Structures are given as C-alpha cells and as structure tokens.
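See below for the structure under consideration.
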Amino acid sequence: MMKLNGRTLLVTFLFTQSVAILTVAKEFDFFYFVQQWPGSYCDSRRGCCYPKTGKPAEDFSIHGLWPNYVDGTYPSNCDSSNPFDDSKVSDLESVLQEHWPTLACPSGDGLKFWRHEWEKHGTCAESVFDERGYFEAALSLKKKANLLGALENAGIRPADEKFHTMGQIKDAITNAVGYEPFIECNVDSSGYHQLYQVYQCVDASASNFIKCPVLPHGRACGNKVEFPSFSSTMSRDEL
Ligand code: AMP
Ligand code: AMP
C-alpha cells in the first residue's frame, strides 16, 4: 500500500484545489449592454450605409451585450460549435431590424452584424441563454433603459451644433435608470465630440442593470458633447 507521507498529502491537496478552482471558474462576471447613436455612427469619417430595409428610426440602437470579467478583461468567441443560425431568429428579424440595425457599408440585412455579436460575445454566456435568448435579452434591456426617453426628460434632444456637458448627459441617464452609464464619444466631420455609445452594466442573469464593477476602455468625451440629429444625417450612398 502507498505510504502517505506529508509531501504526497500536500501534492494531493494542491491538485484537488486546482481542479476545484477550475470547475467553479466563472464563465464571466457581468455584462456590458452597449447601445449606439446612429447619428454619430453615420456622421464620422467612416460614414455609414443604411440597412437594405431602409433608414432606421431616430432612436438608439443596440450594438451588443458583452460578457465581461471584473478585472477588466473579457472572453470572446467561446464556442465555434454553436454558430449563428438565422432560422432561430427568423421571426424576430423585423424587430431586430428596428432595434439592432446594421449601419456598416455596404448595406446589409443585419444578419452579418447579428452573427458577429452572437459568435463573438453571446457564445461566452451559454449558461444564461441560447442564441434566441441572447437577442431577446438585449431587446428587453433596450426597452427597459429607454435612453432616448431619459435624455428627452432632461430636455436633451437630438440637434446639430448644440452642446451638453458630460454631467448633464450622465445625470439624465442615471436619474432614469438608477446607475451611472459610461459614455463613449467619437468625432464628427466638423471635429466636435459627439455621444456615440452608451455602456450600461447588467447582472450575470442579463436582466437587471447594476452599478458598473469596472469601467470599459472606450474613447472618452470632452466636456462639450453634441447629441447630433439623425434625421438630418446622410448615408454614404446619399452623399
Ligand atoms: P473598440 O476598440 O473599443 O472600438 O472595440 C472594438 C470591439 O472590441 C468592440 O466592438 C467589442 O467587440 C470589443 N470590445 C472592446 N471592449 C470590450 C469589452 N469590455 N467587452 C467585450 N468586448 C469588448
Ligand atoms: P464588436 O466586435 O462588437 O463586437 O463590434 C465591432 C464590429 O461591429 C466592427 O466591425 C464594427 O464596425 C461593427 N459595428 C459596430 N456597430 C455596427 C453597426 N451598427 N452595424 C454594423 N456593424 C457595426
């Protein structure tokens, strides 16, 4: 019979501990729910192309729901055996076209963008949702956040060459949602900083907004931020 000396016991103990840690290692800690302002996506050097289904409404649109770790890193492309299957969201397509439109060029129907988001981010939270559930969770978070309504209630409406402080924009959203968002800006064709993306933190069940455990690394804003009109924006095809 094997004699259990101190060293063997220690090695056995360390091995069992590491197996235990590996087994409970979390898939991720929380989500960033990221929405974008189409007016700012389009009014940039890159420009945009409207979806084949037409120009989206003047509202925020979904970029993605991204699993993250509290240390500031994030998993990506977690399960190549579960690729995007458009048949699983075919009855959601018109809702997705409305709330999660593609603005990349050339014009598309959205499937490429949704495929990218599911495969890069959604597959890293398979313990929470399947593909259909991923898109449903994001749609329901968008409704809950109602960013346009939150800004509107604070008197902040889309307009060109009208400027707001970061405090005004953050307060408007914080007052409506309960938690401070992270705001990312880009630069318009006249060189002004404009509200581009809004990051909100969501608990690991993908249903409730929470205080952000860590801030993302998006491009920060100055203190003079434009919330440009989208109705007056043109796509590359129109320029
Ligand atoms: P950026 O370089 O910030 O424009 O980000 C480009 C892409 O990197 C995003 O569209 C995301 O797919 C990914 N990314 C950046 N930061 C994060 C994050 N904290 N969590 C998940 N994905 C991220
Ligand atoms: P990240 O990798 O999400 O998840 O997203 C980065 C990719 O998504 C980049 O290729 C972006 O250009 C693209 N992207 C971001 N917003 C949109 C949008 N509204 N429509 C199409 N592609 C987008």
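Just remember, in the structure tokens the first chain shown is A, the second B, etc., residues are 1-based per chain, and ligands are 1-based in the order shown.
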Could I get the residues of chain A with an atom no further than 9 Å from an atom of ligand 2, each paired with its nearest atom pair and that distance in Å to one decimal, using only C-alpha atoms and all ligand atoms, sorted by chain and residue number, as CSV?
```
residue,atom,partner,partner_atom_place_in_ligand_line,distance
A:Val34,CA,ligand 2,3 (O),9.0
A:Gln35,CA,ligand 2,16 (N),9.0
A:Gln36,CA,ligand 2,19 (N),7.3
A:Trp37,CA,ligand 2,19 (N),8.8
A:Pro38,CA,ligand 2,19 (N),7.2
A:Tyr41,CA,ligand 2,19 (N),7.3
A:Cys48,CA,ligand 2,20 (N),8.3
A:Cys49,CA,ligand 2,20 (N),8.8
A:Pro51,CA,ligand 2,20 (N),8.7
A:Ser61,CA,ligand 2,19 (N),7.3
A:Ile62,CA,ligand 2,19 (N),7.4
A:His63,CA,ligand 2,16 (N),5.5
A:Gly64,CA,ligand 2,3 (O),6.3
A:Leu65,CA,ligand 2,4 (O),8.6
A:Trp66,CA,ligand 2,4 (O),7.8
A:Trp100,CA,ligand 2,19 (N),7.2
A:Pro101,CA,ligand 2,19 (N),5.8
A:Thr102,CA,ligand 2,20 (N),3.4
A:Leu103,CA,ligand 2,20 (N),3.9
A:Ala104,CA,ligand 2,21 (C),4.2
A:Cys105,CA,ligand 2,21 (C),7.9
A:Gly108,CA,ligand 2,21 (C),8.5
A:Gly110,CA,ligand 2,21 (C),7.4
A:Lys112,CA,ligand 2,21 (C),7.9
A:Phe113,CA,ligand 2,21 (C),5.2
A:Trp114,CA,ligand 2,21 (C),8.5
A:His116,CA,ligand 2,4 (O),6.7
A:Glu117,CA,ligand 2,4 (O),5.3
A:Trp118,CA,ligand 2,4 (O),8.8
A:Lys120,CA,ligand 2,4 (O),6.5
A:His121,CA,ligand 2,4 (O),6.9
```
How about saving the chosen residues, N, CA and C atoms kept, as a PDB file, in the first residue's frame?
```pdb
ATOM      1  N   VAL A  34     -24.383  47.561 -24.661  1.00  0.00           N
ATOM      2  CA  VAL A  34     -23.871  48.718 -25.396  1.00  0.00           C
ATOM      3  C   VAL A  34     -24.867  49.142 -26.472  1.00  0.00           C
ATOM      4  N   GLN A  35     -25.289  50.395 -26.373  1.00  0.00           N
ATOM      5  CA  GLN A  35     -26.156  50.947 -27.417  1.00  0.00           C
ATOM      6  C   GLN A  35     -25.416  52.083 -28.107  1.00  0.00           C
ATOM      7  N   GLN A  36     -25.804  52.355 -29.334  1.00  0.00           N
ATOM      8  CA  GLN A  36     -25.121  53.424 -30.062  1.00  0.00           C
ATOM      9  C   GLN A  36     -26.131  54.410 -30.648  1.00  0.00           C
ATOM     10  N   TRP A  37     -25.630  55.614 -30.903  1.00  0.00           N
ATOM     11  CA  TRP A  37     -26.470  56.641 -31.512  1.00  0.00           C
ATOM     12  C   TRP A  37     -26.164  56.641 -33.006  1.00  0.00           C
ATOM     13  N   PRO A  38     -27.146  56.259 -33.849  1.00  0.00           N
ATOM     14  CA  PRO A  38     -26.847  56.124 -35.285  1.00  0.00           C
ATOM     15  C   PRO A  38     -26.383  57.428 -35.918  1.00  0.00           C
ATOM     16  N   TYR A  41     -22.725  57.436 -35.435  1.00  0.00           N
ATOM     17  CA  TYR A  41     -22.067  56.402 -36.250  1.00  0.00           C
ATOM     18  C   TYR A  41     -21.923  56.927 -37.678  1.00  0.00           C
ATOM     19  N   CYS A  48     -21.673  55.734 -43.027  1.00  0.00           N
ATOM     20  CA  CYS A  48     -22.478  54.534 -42.787  1.00  0.00           C
ATOM     21  C   CYS A  48     -23.282  54.211 -44.027  1.00  0.00           C
ATOM     22  N   CYS A  49     -23.874  53.055 -44.048  1.00  0.00           N
ATOM     23  CA  CYS A  49     -24.843  52.701 -45.085  1.00  0.00           C
ATOM     24  C   CYS A  49     -26.098  52.213 -44.376  1.00  0.00           C
ATOM     25  N   PRO A  51     -29.475  50.147 -43.649  1.00  0.00           N
ATOM     26  CA  PRO A  51     -29.809  48.751 -43.955  1.00  0.00           C
ATOM     27  C   PRO A  51     -30.665  48.662 -45.224  1.00  0.00           C
ATOM     28  N   SER A  61     -29.691  52.445 -30.982  1.00  0.00           N
ATOM     29  CA  SER A  61     -29.804  51.069 -31.468  1.00  0.00           C
ATOM     30  C   SER A  61     -28.785  50.213 -30.719  1.00  0.00           C
ATOM     31  N   ILE A  62     -29.060  48.924 -30.717  1.00  0.00           N
ATOM     32  CA  ILE A  62     -28.214  48.003 -29.951  1.00  0.00           C
ATOM     33  C   ILE A  62     -26.910  47.737 -30.698  1.00  0.00           C
ATOM     34  N   HIS A  63     -25.792  47.764 -29.977  1.00  0.00           N
ATOM     35  CA  HIS A  63     -24.534  47.270 -30.554  1.00  0.00           C
ATOM     36  C   HIS A  63     -24.323  45.837 -30.076  1.00  0.00           C
ATOM     37  N   GLY A  64     -24.393  45.619 -28.771  1.00  0.00           N
ATOM     38  CA  GLY A  64     -24.237  44.244 -28.306  1.00  0.00           C
ATOM     39  C   GLY A  64     -24.369  44.105 -26.815  1.00  0.00           C
ATOM     40  N   LEU A  65     -24.405  42.854 -26.382  1.00  0.00           N
ATOM     41  CA  LEU A  65     -24.462  42.501 -24.970  1.00  0.00           C
ATOM     42  C   LEU A  65     -23.217  41.648 -24.743  1.00  0.00           C
ATOM     43  N   TRP A  66     -22.263  42.219 -23.959  1.00  0.00           N
ATOM     44  CA  TRP A  66     -20.920  41.640 -23.914  1.00  0.00           C
ATOM     45  C   TRP A  66     -20.545  41.125 -22.525  1.00  0.00           C
ATOM     46  N   TRP A 100     -31.843  46.825 -33.756  1.00  0.00           N
ATOM     47  CA  TRP A 100     -30.437  46.391 -33.815  1.00  0.00           C
ATOM     48  C   TRP A 100     -29.971  46.473 -35.279  1.00  0.00           C
ATOM     49  N   PRO A 101     -30.185  47.657 -35.911  1.00  0.00           N
ATOM     50  CA  PRO A 101     -29.899  47.769 -37.343  1.00  0.00           C
ATOM     51  C   PRO A 101     -28.400  47.767 -37.657  1.00  0.00           C
ATOM     52  N   THR A 102     -28.056  47.224 -38.796  1.00  0.00           N
ATOM     53  CA  THR A 102     -26.676  47.312 -39.269  1.00  0.00           C
ATOM     54  C   THR A 102     -26.484  48.656 -39.966  1.00  0.00           C
ATOM     55  N   LEU A 103     -25.332  49.288 -39.738  1.00  0.00           N
ATOM     56  CA  LEU A 103     -25.056  50.575 -40.387  1.00  0.00           C
ATOM     57  C   LEU A 103     -23.755  50.500 -41.174  1.00  0.00           C
ATOM     58  N   ALA A 104     -23.178  49.296 -41.203  1.00  0.00           N
ATOM     59  CA  ALA A 104     -21.911  49.132 -41.913  1.00  0.00           C
ATOM     60  C   ALA A 104     -22.147  49.170 -43.423  1.00  0.00           C
ATOM     61  N   CYS A 105     -21.088  49.496 -44.166  1.00  0.00           N
ATOM     62  CA  CYS A 105     -21.166  49.507 -45.629  1.00  0.00           C
ATOM     63  C   CYS A 105     -20.497  48.241 -46.170  1.00  0.00           C
ATOM     64  N   GLY A 108     -26.586  46.050 -45.630  1.00  0.00           N
ATOM     65  CA  GLY A 108     -26.863  44.633 -45.405  1.00  0.00           C
ATOM     66  C   GLY A 108     -28.243  44.452 -44.817  1.00  0.00           C
ATOM     67  N   GLY A 110     -28.535  42.853 -41.888  1.00  0.00           N
ATOM     68  CA  GLY A 110     -28.334  42.752 -40.434  1.00  0.00           C
ATOM     69  C   GLY A 110     -27.759  41.424 -39.988  1.00  0.00           C
ATOM     70  N   LYS A 112     -25.242  39.682 -40.830  1.00  0.00           N
ATOM     71  CA  LYS A 112     -23.799  39.619 -40.622  1.00  0.00           C
ATOM     72  C   LYS A 112     -23.416  40.209 -39.260  1.00  0.00           C
ATOM     73  N   PHE A 113     -24.050  41.334 -38.937  1.00  0.00           N
ATOM     74  CA  PHE A 113     -23.789  42.027 -37.664  1.00  0.00           C
ATOM     75  C   PHE A 113     -24.262  41.162 -36.495  1.00  0.00           C
ATOM     76  N   TRP A 114     -25.467  40.592 -36.598  1.00  0.00           N
ATOM     77  CA  TRP A 114     -26.008  39.759 -35.520  1.00  0.00           C
ATOM     78  C   TRP A 114     -25.159  38.495 -35.356  1.00  0.00           C
ATOM     79  N   HIS A 116     -21.985  38.234 -35.991  1.00  0.00           N
ATOM     80  CA  HIS A 116     -20.745  38.645 -35.327  1.00  0.00           C
ATOM     81  C   HIS A 116     -20.966  38.777 -33.820  1.00  0.00           C
ATOM     82  N   GLU A 117     -22.039  39.449 -33.411  1.00  0.00           N
ATOM     83  CA  GLU A 117     -22.280  39.683 -31.984  1.00  0.00           C
ATOM     84  C   GLU A 117     -22.565  38.381 -31.238  1.00  0.00           C
ATOM     85  N   TRP A 118     -23.367  37.491 -31.840  1.00  0.00           N
ATOM     86  CA  TRP A 118     -23.657  36.211 -31.162  1.00  0.00           C
ATOM     87  C   TRP A 118     -22.382  35.381 -31.031  1.00  0.00           C
ATOM     88  N   LYS A 120     -19.097  36.250 -31.313  1.00  0.00           N
ATOM     89  CA  LYS A 120     -18.003  36.827 -30.530  1.00  0.00           C
ATOM     90  C   LYS A 120     -18.361  36.941 -29.055  1.00  0.00           C
ATOM     91  N   HIS A 121     -19.583  37.383 -28.763  1.00  0.00           N
ATOM     92  CA  HIS A 121     -19.947  37.685 -27.364  1.00  0.00           C
ATOM     93  C   HIS A 121     -20.966  36.695 -26.784  1.00  0.00           C
TER      94      HIS A 121
END
```
Each residue of chain A with at least one atom at most 6 Å from ligand 1 should appear once, together with its nearest atom pair and the corresponding distance in Å (one decimal); atoms considered: only C-alpha atoms and all ligand atoms; ordering: chain, then increasing residue number; output as a tab-separated table.
```
residue	atom	partner	partner_atom_place_in_ligand_line	distance
A:Trp66	CA	ligand 1	21 (C)	4.8
A:Asn68	CA	ligand 1	20 (N)	5.4
A:Tyr74	CA	ligand 1	20 (N)	5.2
A:Pro216	CA	ligand 1	19 (N)	5.2
A:Gly218	CA	ligand 1	3 (O)	4.9
```
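By only C-alpha atoms, and with residues fewer than 6 positions from Lys88 (chain A) along its chain excluded, the set lying at most 12 Å from it is A:Asn82, A:Leu111, A:Trp114, A:Arg115, A:Trp118, A:Asp130, A:Glu131, A:Arg132, A:Gly133, A:Tyr134, A:Phe135, A:Glu136.
Taking only C-alpha atoms, the non-local environment of His217 (chain A) within 10 Å (same-chain residues fewer than 4 positions away omitted) comprises Gly72, Phe182 and Glu184 of chain A.
The coordinates place CA of Gln194 (chain A) at 9.5 Å from CA of His164 (chain A).
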Give me, as a short mmCIF file (atom, residue, chain, number, x, y, z; two decimals) with C-alpha atoms, in the first residue's frame, all polymer residues having an atom no more than 12 Å from Asp59 (chain A), counting only C-alpha atoms and skipping those fewer than 6 positions away in the same chain.
```
data_model
loop_
_atom_site.label_atom_id
_atom_site.label_comp_id
_atom_site.auth_asym_id
_atom_site.auth_seq_id
_atom_site.Cartn_x
_atom_site.Cartn_y
_atom_site.Cartn_z
CA GLN A 35 -26.16 50.95 -27.42
CA GLN A 36 -25.12 53.42 -30.06
CA TRP A 37 -26.47 56.64 -31.51
CA PRO A 38 -26.85 56.12 -35.29
CA GLY A 39 -26.45 59.86 -35.93
CA SER A 40 -22.92 59.68 -34.51
CA GLU A 98 -35.79 48.08 -35.99
CA HIS A 99 -33.76 47.97 -32.76
CA TRP A 100 -30.44 46.39 -33.81
CA PRO A 101 -29.90 47.77 -37.34
CA LYS A 142 -33.15 48.30 -24.58
CA LYS A 143 -36.81 48.75 -23.73
CA ASN A 146 -35.28 53.81 -22.80
CA LEU A 147 -32.26 56.08 -23.26
CA LEU A 148 -33.98 58.45 -25.68
CA GLY A 149 -36.80 58.96 -23.15
CA ALA A 150 -34.30 59.53 -20.33
CA LEU A 151 -32.48 62.23 -22.29
CA GLU A 152 -35.72 63.76 -23.53
CA ARG A 157 -32.91 66.21 -27.73
CA PRO A 158 -31.04 65.41 -30.95
CA PHE A 227 -26.05 64.81 -29.49
CA PRO A 228 -26.46 65.16 -33.24
CA SER A 229 -29.65 64.78 -35.15
CA PHE A 230 -30.01 61.54 -37.11
CA SER A 231 -32.91 62.67 -39.27
#
```
Cys124 (chain A): which residues within 7 Å, counting only C-alpha atoms, same-chain residues fewer than 2 positions away excluded, as a compact mmCIF listing (two decimals) with C-alpha atoms, in the first residue's frame?
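The result, stored in out_15.txt:
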```
# COMPACT_ATOMS: atom_id res chain seq x y z
CA GLU A 27 -17.80 31.90 -17.46
CA PRO A 67 -19.89 39.27 -21.10
CA PRO A 75 -13.91 36.39 -23.09
CA SER A 76 -14.66 36.21 -26.82
CA ASN A 77 -15.52 33.65 -29.49
CA CYS A 78 -16.20 30.96 -26.92
CA HIS A 121 -19.95 37.68 -27.36
CA GLY A 122 -23.14 35.64 -26.98
CA GLU A 126 -24.21 29.98 -22.96
```
